[in-house]
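Pasting my_file.tsv here (TSV, C-alpha atoms and all ligand atoms):
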chain	number	residue	atom	x	y	z
G	1	MET	CA	0.00	0.00	0.00
G	2	GLN	CA	0.98	3.64	-0.26
G	3	ALA	CA	1.72	5.62	2.88
G	4	LEU	CA	2.98	9.08	3.68
G	5	ILE	CA	6.01	8.49	5.84
G	6	LEU	CA	7.92	10.91	8.03
G	7	ASP	CA	11.55	9.83	7.40
G	8	ALA	CA	13.28	12.58	9.29
G	9	PRO	CA	12.14	15.89	10.81
G	10	LYS	CA	10.15	17.82	8.18
G	11	GLN	CA	10.70	15.13	5.55
G	12	LEU	CA	7.54	13.48	4.30
G	13	ARG	CA	7.46	11.07	1.37
G	14	LEU	CA	4.80	8.92	-0.27
G	15	VAL	CA	6.24	5.39	-0.28
G	16	GLU	CA	5.30	1.75	-0.74
G	17	PHE	CA	4.70	0.46	2.80
G	18	PRO	CA	3.69	-2.94	4.25
G	19	GLU	CA	-0.03	-3.34	4.90
G	20	PRO	CA	-0.86	-3.41	8.63
G	21	GLU	CA	-1.36	-6.78	10.29
G	22	VAL	CA	-4.92	-7.49	11.35
G	23	GLY	CA	-5.14	-8.94	14.87
G	24	ALA	CA	-8.06	-11.08	16.10
G	25	GLN	CA	-9.94	-8.05	17.43
G	26	ASP	CA	-8.88	-5.64	14.71
G	27	VAL	CA	-10.76	-4.01	11.88
G	28	LEU	CA	-8.83	-3.19	8.70
G	29	ILE	CA	-10.04	0.08	7.24
G	30	GLN	CA	-9.45	1.50	3.80
G	31	VAL	CA	-8.83	5.15	4.64
G	32	LYS	CA	-11.02	7.54	2.68
G	33	ALA	CA	-10.17	10.78	4.47
G	34	CYS	CA	-7.63	11.80	7.12
G	35	GLY	CA	-7.28	15.28	8.57
G	36	ILE	CA	-3.97	16.98	9.30
G	37	CYS	CA	-4.03	17.83	13.00
G	38	GLY	CA	-2.30	20.82	14.57
G	39	SER	CA	-0.34	18.31	16.65
G	40	ASP	CA	0.97	16.66	13.44
G	41	VAL	CA	2.10	20.04	12.14
G	42	HIS	CA	3.78	21.01	15.44
G	43	GLY	CA	5.27	17.57	15.86
G	44	TYR	CA	6.67	16.97	12.42
G	45	ASP	CA	9.75	19.12	12.98
G	46	GLY	CA	10.71	16.85	15.88
G	47	SER	CA	10.14	19.51	18.54
G	48	THR	CA	7.42	17.73	20.51
G	49	GLY	CA	9.10	14.34	20.79
G	50	ARG	CA	5.81	12.66	19.77
G	51	ARG	CA	6.51	12.16	16.07
G	52	ILE	CA	9.84	10.35	16.19
G	53	PRO	CA	10.69	9.14	12.63
G	54	PRO	CA	10.09	6.83	10.89
G	55	LEU	CA	6.34	7.27	11.32
G	56	VAL	CA	3.09	7.29	9.39
G	57	MET	CA	1.12	10.09	11.10
G	58	GLY	CA	-2.64	10.70	10.95
G	59	HIS	CA	-5.28	10.09	13.62
G	60	GLU	CA	-8.40	11.98	12.41
G	61	ALA	CA	-9.74	9.55	9.87
G	62	ALA	CA	-12.67	7.68	8.41
G	63	GLY	CA	-13.08	4.96	5.81
G	64	GLU	CA	-14.55	1.66	4.78
G	65	VAL	CA	-14.04	-1.67	6.52
G	66	VAL	CA	-12.31	-4.14	4.18
G	67	LYS	CA	-11.40	-6.99	6.54
G	68	VAL	CA	-12.05	-8.00	10.15
G	69	GLY	CA	-10.20	-10.26	12.60
G	70	PRO	CA	-11.85	-13.56	13.66
G	71	ALA	CA	-13.01	-12.18	17.04
G	72	VAL	CA	-14.69	-9.06	15.61
G	73	ARG	CA	-18.47	-9.10	16.10
G	74	SER	CA	-19.83	-5.63	15.33
G	75	PHE	CA	-18.35	-4.83	11.91
G	76	LYS	CA	-18.12	-6.37	8.48
G	77	PRO	CA	-16.52	-5.46	5.18
G	78	GLY	CA	-18.33	-2.58	3.48
G	79	ASP	CA	-19.22	-0.73	6.72
G	80	ARG	CA	-18.56	3.02	6.72
G	81	VAL	CA	-16.74	3.88	9.93
G	82	THR	CA	-14.59	6.28	11.88
G	83	PHE	CA	-12.43	5.54	14.92
G	84	ASP	CA	-11.13	7.12	18.08
G	85	SER	CA	-7.60	8.48	17.88
G	86	THR	CA	-6.81	6.90	21.24
G	87	ILE	CA	-6.37	3.18	21.81
G	88	SER	CA	-7.18	2.18	25.38
G	89	CYS	CA	-6.68	-1.18	27.12
G	90	ARG	CA	-10.16	-1.62	28.64
G	91	ALA	CA	-8.64	-3.30	31.71
G	92	CYS	CA	-6.80	-0.71	33.82
G	93	GLN	CA	-8.46	1.23	36.66
G	94	PHE	CA	-8.90	4.30	34.45
G	95	CYS	CA	-10.55	2.38	31.61
G	96	LEU	CA	-12.85	0.65	34.09
G	97	ARG	CA	-13.95	4.09	35.32
G	98	GLY	CA	-14.63	5.17	31.74
G	99	GLU	CA	-11.60	7.48	31.69
G	100	VAL	CA	-10.22	5.82	28.57
G	101	ASN	CA	-8.26	8.96	27.64
G	102	LEU	CA	-6.21	8.44	30.81
G	103	CYS	CA	-5.57	4.72	30.22
G	104	ASP	CA	-2.37	3.30	31.75
G	105	SER	CA	-1.25	2.00	28.36
G	106	ARG	CA	-2.83	4.63	26.14
G	107	GLN	CA	-1.56	4.81	22.58
G	108	VAL	CA	-2.45	7.47	20.03
G	109	LEU	CA	-2.59	6.52	16.37
G	110	GLY	CA	0.03	8.18	14.23
G	111	VAL	CA	2.25	8.95	17.22
G	112	SER	CA	5.71	7.70	18.16
G	113	CYS	CA	7.36	8.65	21.42
G	114	VAL	CA	9.82	6.95	23.77
G	115	ASP	CA	7.16	4.45	24.90
G	116	TYR	CA	5.66	3.30	21.60
G	117	ARG	CA	5.30	3.75	17.84
G	118	ARG	CA	1.82	3.37	16.35
G	119	HIS	CA	1.47	4.05	12.64
G	120	GLY	CA	-1.56	6.11	11.65
G	121	ALA	CA	-3.92	6.77	8.79
G	122	PHE	CA	-2.00	8.78	6.19
G	123	ALA	CA	-2.00	5.52	4.25
G	124	ASP	CA	-4.30	3.35	2.13
G	125	PHE	CA	-5.09	1.13	5.12
G	126	VAL	CA	-5.04	1.25	8.89
G	127	ALA	CA	-5.86	-1.49	11.42
G	128	VAL	CA	-7.53	-0.55	14.72
G	129	PRO	CA	-9.19	-2.54	17.52
G	130	GLU	CA	-12.94	-2.99	17.19
G	131	HIS	CA	-13.73	-1.23	20.48
G	132	ILE	CA	-12.64	2.18	19.17
G	133	VAL	CA	-14.56	1.95	15.88
G	134	TYR	CA	-17.88	3.75	15.28
G	135	THR	CA	-20.41	3.31	12.48
G	136	LEU	CA	-21.17	6.37	10.37
G	137	PRO	CA	-24.70	7.27	9.23
G	138	ALA	CA	-25.22	6.34	5.56
G	139	SER	CA	-25.09	9.86	4.17
G	140	PHE	CA	-22.30	11.15	6.38
G	141	PRO	CA	-19.41	12.29	4.14
G	142	TYR	CA	-15.96	10.89	4.97
G	143	GLU	CA	-14.37	14.37	4.92
G	144	ARG	CA	-16.83	15.50	7.56
G	145	ALA	CA	-16.17	12.35	9.59
G	146	ALA	CA	-12.48	13.24	9.67
G	147	LEU	CA	-13.45	16.15	11.96
G	148	ILE	CA	-15.30	14.08	14.55
G	149	GLU	CA	-12.14	13.71	16.60
G	150	ALA	CA	-11.77	17.49	16.84
G	151	VAL	CA	-15.45	17.85	17.80
G	152	SER	CA	-14.96	15.22	20.52
G	153	ILE	CA	-12.15	17.27	22.07
G	154	GLY	CA	-14.47	20.29	22.39
G	155	MET	CA	-17.26	18.04	23.66
G	156	HIS	CA	-15.06	16.43	26.31
G	157	SER	CA	-13.93	19.80	27.66
G	158	VAL	CA	-17.52	21.05	27.87
G	159	LYS	CA	-18.65	17.87	29.64
G	160	ILE	CA	-15.93	17.76	32.27
G	161	SER	CA	-16.44	21.46	33.01
G	162	GLY	CA	-19.86	20.52	34.43
G	163	ILE	CA	-21.44	23.53	32.72
G	164	ALA	CA	-25.18	24.01	33.20
G	165	PRO	CA	-27.41	25.17	30.36
G	166	GLY	CA	-27.83	28.94	30.37
G	167	SER	CA	-24.39	29.66	31.83
G	168	ALA	CA	-22.27	32.49	30.45
G	169	ALA	CA	-19.13	31.19	28.77
G	170	VAL	CA	-16.11	32.60	27.03
G	171	VAL	CA	-13.91	30.67	24.63
G	172	ILE	CA	-10.35	31.96	24.40
G	173	GLY	CA	-8.90	31.05	21.01
G	174	ALA	CA	-11.14	30.72	17.94
G	175	GLY	CA	-9.09	28.10	16.11
G	176	MET	CA	-10.46	24.70	15.18
G	177	ILE	CA	-11.18	23.46	18.73
G	178	GLY	CA	-12.40	26.85	19.93
G	179	LEU	CA	-14.88	27.21	17.05
G	180	LEU	CA	-16.24	23.73	17.69
G	181	THR	CA	-16.52	24.41	21.43
G	182	ILE	CA	-18.49	27.60	20.71
G	183	GLN	CA	-21.02	25.59	18.70
G	184	ILE	CA	-21.40	22.95	21.42
G	185	LEU	CA	-21.96	25.68	24.05
G	186	ARG	CA	-24.61	27.25	21.84
G	187	TYR	CA	-26.28	23.89	21.44
G	188	LEU	CA	-26.40	23.63	25.26
G	189	ALA	CA	-28.17	27.01	25.33
G	190	CYS	CA	-25.31	28.75	27.10
G	191	SER	CA	-25.67	32.52	27.01
G	192	PRO	CA	-23.94	34.67	26.27
G	193	VAL	CA	-21.25	32.72	24.42
G	194	LEU	CA	-18.24	35.00	23.98
G	195	ALA	CA	-15.05	34.54	22.01
G	196	VAL	CA	-11.55	36.02	22.13
G	197	ASP	CA	-8.87	35.65	19.44
G	198	VAL	CA	-6.01	37.69	18.00
G	199	ASP	CA	-7.27	37.21	14.43
G	200	GLU	CA	-10.24	39.24	13.18
G	201	GLU	CA	-11.04	36.67	10.46
G	202	ARG	CA	-11.41	33.92	13.02
G	203	LEU	CA	-13.60	36.14	15.17
G	204	SER	CA	-15.90	36.70	12.24
G	205	LEU	CA	-16.16	32.93	11.82
G	206	ALA	CA	-16.84	32.67	15.57
G	207	ARG	CA	-19.76	35.10	15.20
G	208	GLN	CA	-21.05	33.17	12.22
G	209	LEU	CA	-20.99	29.97	14.29
G	210	GLY	CA	-22.82	31.44	17.25
G	211	ALA	CA	-20.60	33.63	19.43
G	212	GLU	CA	-22.73	36.60	20.47
G	213	HIS	CA	-19.83	38.97	21.15
G	214	THR	CA	-16.21	38.68	20.14
G	215	PHE	CA	-13.11	40.46	21.38
G	216	LEU	CA	-9.73	41.01	19.79
G	217	GLY	CA	-7.17	39.47	22.14
G	218	THR	CA	-4.62	42.18	21.43
G	219	ASP	CA	-6.89	44.82	22.98
G	220	ASN	CA	-6.21	45.94	26.53
G	221	ASP	CA	-8.45	45.06	29.45
G	222	ILE	CA	-10.18	42.08	27.81
G	223	ALA	CA	-11.12	40.75	31.23
G	224	GLU	CA	-12.82	44.07	32.11
G	225	ARG	CA	-14.73	44.11	28.85
G	226	LEU	CA	-15.90	40.53	29.38
G	227	LYS	CA	-17.11	41.52	32.85
G	228	ARG	CA	-19.06	44.47	31.51
G	229	ILE	CA	-21.03	42.20	29.22
G	230	THR	CA	-21.83	39.68	31.99
G	231	ASN	CA	-23.44	41.91	34.65
G	232	GLY	CA	-20.10	43.12	35.91
G	233	GLN	CA	-19.17	39.64	37.21
G	234	GLY	CA	-17.45	37.84	34.38
G	235	PRO	CA	-18.47	34.62	32.59
G	236	ASP	CA	-19.22	31.54	34.70
G	237	TYR	CA	-16.95	29.40	32.53
G	238	ALA	CA	-13.88	29.97	30.40
G	239	PHE	CA	-12.56	27.48	27.86
G	240	GLU	CA	-8.92	28.09	27.00
G	241	ALA	CA	-8.10	26.66	23.58
G	242	VAL	CA	-4.68	28.20	22.91
G	243	GLY	CA	-2.28	27.38	25.71
G	244	SER	CA	-0.10	30.47	25.81
G	245	GLN	CA	0.89	32.69	28.73
G	246	SER	CA	-1.39	35.58	27.88
G	247	SER	CA	-4.42	33.51	26.91
G	248	VAL	CA	-4.31	31.44	30.10
G	249	VAL	CA	-4.08	34.62	32.20
G	250	THR	CA	-6.98	36.17	30.27
G	251	ALA	CA	-9.10	33.09	30.97
G	252	ILE	CA	-8.29	33.18	34.69
G	253	GLU	CA	-8.84	36.91	35.05
G	254	SER	CA	-12.10	36.99	33.16
G	255	VAL	CA	-14.26	34.39	34.96
G	256	ARG	CA	-16.49	35.38	37.87
G	257	ARG	CA	-15.66	34.51	41.49
G	258	GLY	CA	-16.13	30.76	41.89
G	259	GLY	CA	-15.92	30.32	38.11
G	260	THR	CA	-14.36	27.46	36.18
G	261	VAL	CA	-11.47	27.63	33.72
G	262	THR	CA	-11.08	24.56	31.49
G	263	LEU	CA	-7.67	24.33	29.89
G	264	ILE	CA	-7.55	22.58	26.52
G	265	GLY	CA	-4.66	24.31	24.71
G	266	ASN	CA	-1.08	23.46	25.62
G	267	LEU	CA	1.09	25.27	23.12
G	268	ALA	CA	3.49	26.30	25.87
G	269	SER	CA	4.68	23.57	28.23
G	270	LYS	CA	4.75	26.05	31.13
G	271	VAL	CA	2.92	29.27	31.92
G	272	GLU	CA	2.85	31.46	35.02
G	273	ILE	CA	-0.55	31.83	36.62
G	274	PRO	CA	-1.88	34.62	38.87
G	275	LEU	CA	-2.09	32.38	41.92
G	276	GLN	CA	-3.77	34.90	44.22
G	277	THR	CA	-6.55	35.47	41.71
G	278	VAL	CA	-7.17	31.72	41.52
G	279	VAL	CA	-7.15	31.28	45.30
G	280	THR	CA	-8.94	34.40	46.52
G	281	ARG	CA	-11.61	34.18	43.83
G	282	GLN	CA	-11.91	30.43	44.45
G	283	LEU	CA	-11.60	29.40	40.81
G	284	ARG	CA	-11.56	25.86	39.53
G	285	LEU	CA	-8.82	25.07	36.99
G	286	LEU	CA	-9.34	21.89	34.97
G	287	GLY	CA	-7.16	20.23	32.39
G	288	SER	CA	-8.97	18.52	29.52
G	289	CYS	CA	-7.19	15.79	27.57
G	290	ALA	CA	-8.43	14.49	24.21
G	291	SER	CA	-11.81	12.80	24.62
G	292	ALA	CA	-13.24	9.78	26.39
G	293	GLY	CA	-15.72	8.03	24.13
G	294	GLU	CA	-17.83	11.05	23.14
G	295	TYR	CA	-17.79	10.05	19.44
G	296	ARG	CA	-21.39	8.81	19.21
G	297	GLU	CA	-22.76	12.05	20.68
G	298	CYS	CA	-20.58	14.11	18.36
G	299	ILE	CA	-21.78	12.22	15.30
G	300	ASP	CA	-25.37	12.91	16.40
G	301	LEU	CA	-24.76	16.64	16.88
G	302	MET	CA	-23.08	16.89	13.50
G	303	GLU	CA	-25.85	14.94	11.80
G	304	LYS	CA	-28.46	17.26	13.36
G	305	GLY	CA	-26.54	20.23	12.01
G	306	ALA	CA	-25.95	21.58	15.54
G	307	VAL	CA	-22.22	21.50	14.87
G	308	ASN	CA	-21.12	22.65	11.45
G	309	VAL	CA	-17.64	21.55	10.41
G	310	ASP	CA	-17.86	22.05	6.66
G	311	CYS	CA	-16.92	25.73	6.94
G	312	LEU	CA	-13.73	24.73	8.78
G	313	ILE	CA	-12.42	22.53	5.94
G	314	SER	CA	-9.92	24.59	3.94
G	315	ALA	CA	-8.91	21.93	1.44
G	316	VAL	CA	-9.38	18.29	0.49
G	317	ALA	CA	-6.35	16.98	-1.39
G	318	PRO	CA	-4.86	13.68	-2.54
G	319	LEU	CA	-2.43	11.99	-0.13
G	320	ARG	CA	0.48	12.63	-2.51
G	321	ASP	CA	0.04	16.38	-1.98
G	322	GLY	CA	0.52	15.86	1.77
G	323	PRO	CA	4.14	17.10	1.94
G	324	ALA	CA	3.22	20.42	0.29
G	325	TRP	CA	0.22	20.94	2.59
G	326	PHE	CA	2.33	20.19	5.66
G	327	GLU	CA	4.79	22.88	4.54
G	328	ARG	CA	2.01	25.43	4.07
G	329	LEU	CA	0.49	24.64	7.46
G	330	TYR	CA	3.90	24.65	9.12
G	331	GLY	CA	4.57	28.06	7.56
G	332	ARG	CA	1.34	29.25	9.27
G	333	GLU	CA	-0.27	30.32	6.03
G	334	ARG	CA	-3.12	32.65	6.96
G	335	GLY	CA	-6.70	31.49	6.65
G	336	LEU	CA	-5.92	27.78	6.67
G	337	MET	CA	-7.98	25.65	9.04
G	338	LYS	CA	-8.44	21.92	8.44
G	339	VAL	CA	-6.74	20.23	5.50
G	340	ILE	CA	-7.93	16.72	4.68
G	341	LEU	CA	-5.90	14.19	2.72
G	342	GLU	CA	-7.47	11.41	0.70
G	343	PRO	CA	-5.42	8.26	0.09
S	401	ZN	ZN	-5.82	15.66	16.41
S	402	ZN	ZN	-6.62	1.23	30.22
How does this structure look as structure tokens?
Amino acid sequence: MQALILDAPKQLRLVEFPEPEVGAQDVLIQVKACGICGSDVHGYDGSTGRRIPPLVMGHEAAGEVVKVGPAVRSFKPGDRVTFDSTISCRACQFCLRGEVNLCDSRQVLGVSCVDYRRHGAFADFVAVPEHIVYTLPASFPYERAALIEAVSIGMHSVKISGIAPGSAAVVIGAGMIGLLTIQILRYLACSPVLAVDVDEERLSLARQLGAEHTFLGTDNDIAERLKRITNGQGPDYAFEAVGSQSSVVTAIESVRRGGTVTLIGNLASKVEIPLQTVVTRQLRLLGSCASAGEYRECIDLMEKGAVNVDCLISAVAPLRDGPAWFERLYGRERGLMKVILEP
């Protein structure tokens, strides 16, 4: 089969590659669409230590089942499916509690680090265990399905925040995850839903997707302005989808006393936080990692049209054009959101 392989930092090539082995509980999927994730773009220069060459990246994918292992019960060749990016063991204490994203032996498709190497879906075929595979509705396009993983990340953060319908929420960072989170908050009838970003174009997209008021992150006193629009108190919840020093501080300083800040972005490995603000205003800070089985719900929301991902797809291109698209994304070309490759 053909696969896009990362040979060395920033060196991608389309090569002939051995087809994956299909274990007893595995489903072999012919990949129809696979999205390029921000983590692939950040990782492919070697800086994150999670894309150690040689590696076939790609974990946001969908396709058609072509073969199943002898122990597989729920799928058969011809099924249209997507799959979780995270492979969990189903046996450790975390998995048994349903916290599959925190599994003791968690592996992410298309990732290689010191502990493991798991080839991903920038290839004609990928094999994954049955328990992370989900059926797609008949008319659900594969390109759209490649965004379910991103939707699930927004969904997981909203769920663990414990937000109640009607709460005021601000999303800091209107990139892919932020824009999806805004739509999920709107669906939950949160009000107002506010958005902050440094890019006016992204803010206009945020308004289009349901943010009632948006704020340019480069302006001064963002926290004060967010308070003014929420009865002088500040939003009940902040969702931080960037992970930089200034955006984390903005999230902390903007929520009301007793408010909750859910941290999704982690661009910087360390930031300094205003500790006294967190303590004296009794804030809750939560980290949110990937997702924990929210795929089914996300598919439903997307099918209902409550979450629109089509406007976030910048390009759909053949797998062989992958190296050029990685370069453009790595060069932070303006206006690019999700690029999907088709093997
Ligand atoms: Zn991803
Ligand atoms: Zn586990």
Counting only C-alpha atoms, the option among G:Thr82, G:Gln245, G:Thr181, G:Ser167 closest to Glu64 in chain G: G:Thr82
Nearby residues (all atoms listed in the file) at most 9 Å from Gly49 in chain G, same-chain spacing under 6 positions excluded, as a VMD selection string: chain G and resid 43 112 to 114
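Using only C-alpha atoms and all ligand atoms, the smallest distance between any of G:Val255, G:Leu185, G:Val126, G:Ala292 and ligand ZN 402 (chain S) comes from G:Ala292.
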Could you report the residues within 9 Å of ligand ZN 402 (chain S), using all atoms listed in the file, as a short mmCIF file (atom, residue, chain, number, x, y, z; two decimals) with C-alpha atoms, keeping the file's coordinate frame?
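See selection-v1.cif below for the written result:
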data_model
loop_
_atom_site.label_atom_id
_atom_site.label_comp_id
_atom_site.auth_asym_id
_atom_site.auth_seq_id
_atom_site.Cartn_x
_atom_site.Cartn_y
_atom_site.Cartn_z
CA ILE G 87 -6.37 3.18 21.81
CA SER G 88 -7.18 2.18 25.38
CA CYS G 89 -6.68 -1.18 27.12
CA ARG G 90 -10.16 -1.62 28.64
CA ALA G 91 -8.64 -3.30 31.71
CA CYS G 92 -6.80 -0.71 33.82
CA GLN G 93 -8.46 1.23 36.66
CA PHE G 94 -8.90 4.30 34.45
CA CYS G 95 -10.55 2.38 31.61
CA LEU G 96 -12.85 0.65 34.09
CA GLU G 99 -11.60 7.48 31.69
CA VAL G 100 -10.22 5.82 28.57
CA ASN G 101 -8.26 8.96 27.64
CA LEU G 102 -6.21 8.44 30.81
CA CYS G 103 -5.57 4.72 30.22
CA ASP G 104 -2.37 3.30 31.75
CA SER G 105 -1.25 2.00 28.36
CA ARG G 106 -2.83 4.63 26.14
#
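Neighbours of ligand ZN 401 (chain S) at a cut-off of 9 Å, computed so that all atoms listed in the file are counted, are the residues G:Gly35, G:Ile36, G:Cys37, G:Gly38, G:Ser39, G:Asp40, G:Gly58, G:His59, G:Glu60, G:Ser85, G:Leu147, G:Glu149, G:Ala150, G:Ile153, G:Ala290.
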One-decimal distance in Å that lies between CA of Gly335 in chain G and CA of Tyr237 in chain G: 27.9 Å
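Distances here use only C-alpha atoms; by that measure, the residue among G:Leu205, G:Val158, G:Met337, G:Ala168 closest to Arg256 in chain G is G:Ala168.
Interatomic distance, CA of Ser244 in chain G against CA of Ser204 in chain G: 21.7 Å.
As for CA of Phe239 in chain G and CA of Asp310 in chain G, they are spaced 22.5 Å apart.
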Residues near Pro141 in chain G, cut-off 12 Å, only C-alpha atoms, skip fewer than 6 positions along chain, as a list in words: Lys32, Ala33, Ala61, Ala62, Gly63, Glu64, Arg80, Val81, Thr82, Leu147, Ile148, Ile299, Met302, Glu303, Val309 and Asp310 of chain G
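Distances from G:Leu14, G:Arg284, G:Arg296, G:Lys270 to Thr135 in chain G were compared using only C-alpha atoms, and the smallest one belongs to G:Arg296.
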Can you list every residue of range 27-106 of chain G that has an atom at most 12 Å from range 3-10 of chain G, with its nearest atom pair and the distance in Å to one decimal, using all atoms listed in the file, ordered by chain then number, as a Markdown table?
| residue | atom | partner | partner_atom | distance |
| --- | --- | --- | --- | --- |
| G:Gln30 | CA | G:Ala3 | CA | 11.9 |
| G:Val31 | CA | G:Ala3 | CA | 10.7 |
| G:Cys34 | CA | G:Leu4 | CA | 11.5 |
| G:Ile36 | CA | G:Leu4 | CA | 11.9 |
| G:Asp40 | CA | G:Leu6 | CA | 10.5 |
| G:Val41 | CA | G:Lys10 | CA | 9.2 |
| G:His42 | CA | G:Lys10 | CA | 10.2 |
| G:Gly43 | CA | G:Pro9 | CA | 8.7 |
| G:Tyr44 | CA | G:Lys10 | CA | 5.6 |
| G:Asp45 | CA | G:Pro9 | CA | 4.6 |
| G:Gly46 | CA | G:Pro9 | CA | 5.4 |
| G:Ser47 | CA | G:Pro9 | CA | 8.8 |
| G:Thr48 | CA | G:Pro9 | CA | 10.9 |
| G:Gly49 | CA | G:Pro9 | CA | 10.5 |
| G:Arg50 | CA | G:Pro9 | CA | 11.4 |
| G:Arg51 | CA | G:Leu6 | CA | 8.3 |
| G:Ile52 | CA | G:Ala8 | CA | 8.0 |
| G:Pro53 | CA | G:Asp7 | CA | 5.3 |
| G:Pro54 | CA | G:Asp7 | CA | 4.8 |
| G:Leu55 | CA | G:Leu6 | CA | 5.2 |
| G:Val56 | CA | G:Ile5 | CA | 4.8 |
| G:Met57 | CA | G:Ile5 | CA | 7.4 |
| G:Gly58 | CA | G:Leu4 | CA | 9.3 |
Nearest residue to Gln107 in chain G from the set G:Leu275, G:Ile229, G:Ile132, G:Val68 (distances using only C-alpha atoms): G:Ile132
Residues near Cys289 in chain G, cut-off 7 Å, only C-alpha atoms, skip fewer than 2 positions along chain, as JSON, numbers by chain: {"G": [101, 264, 287, 291]}
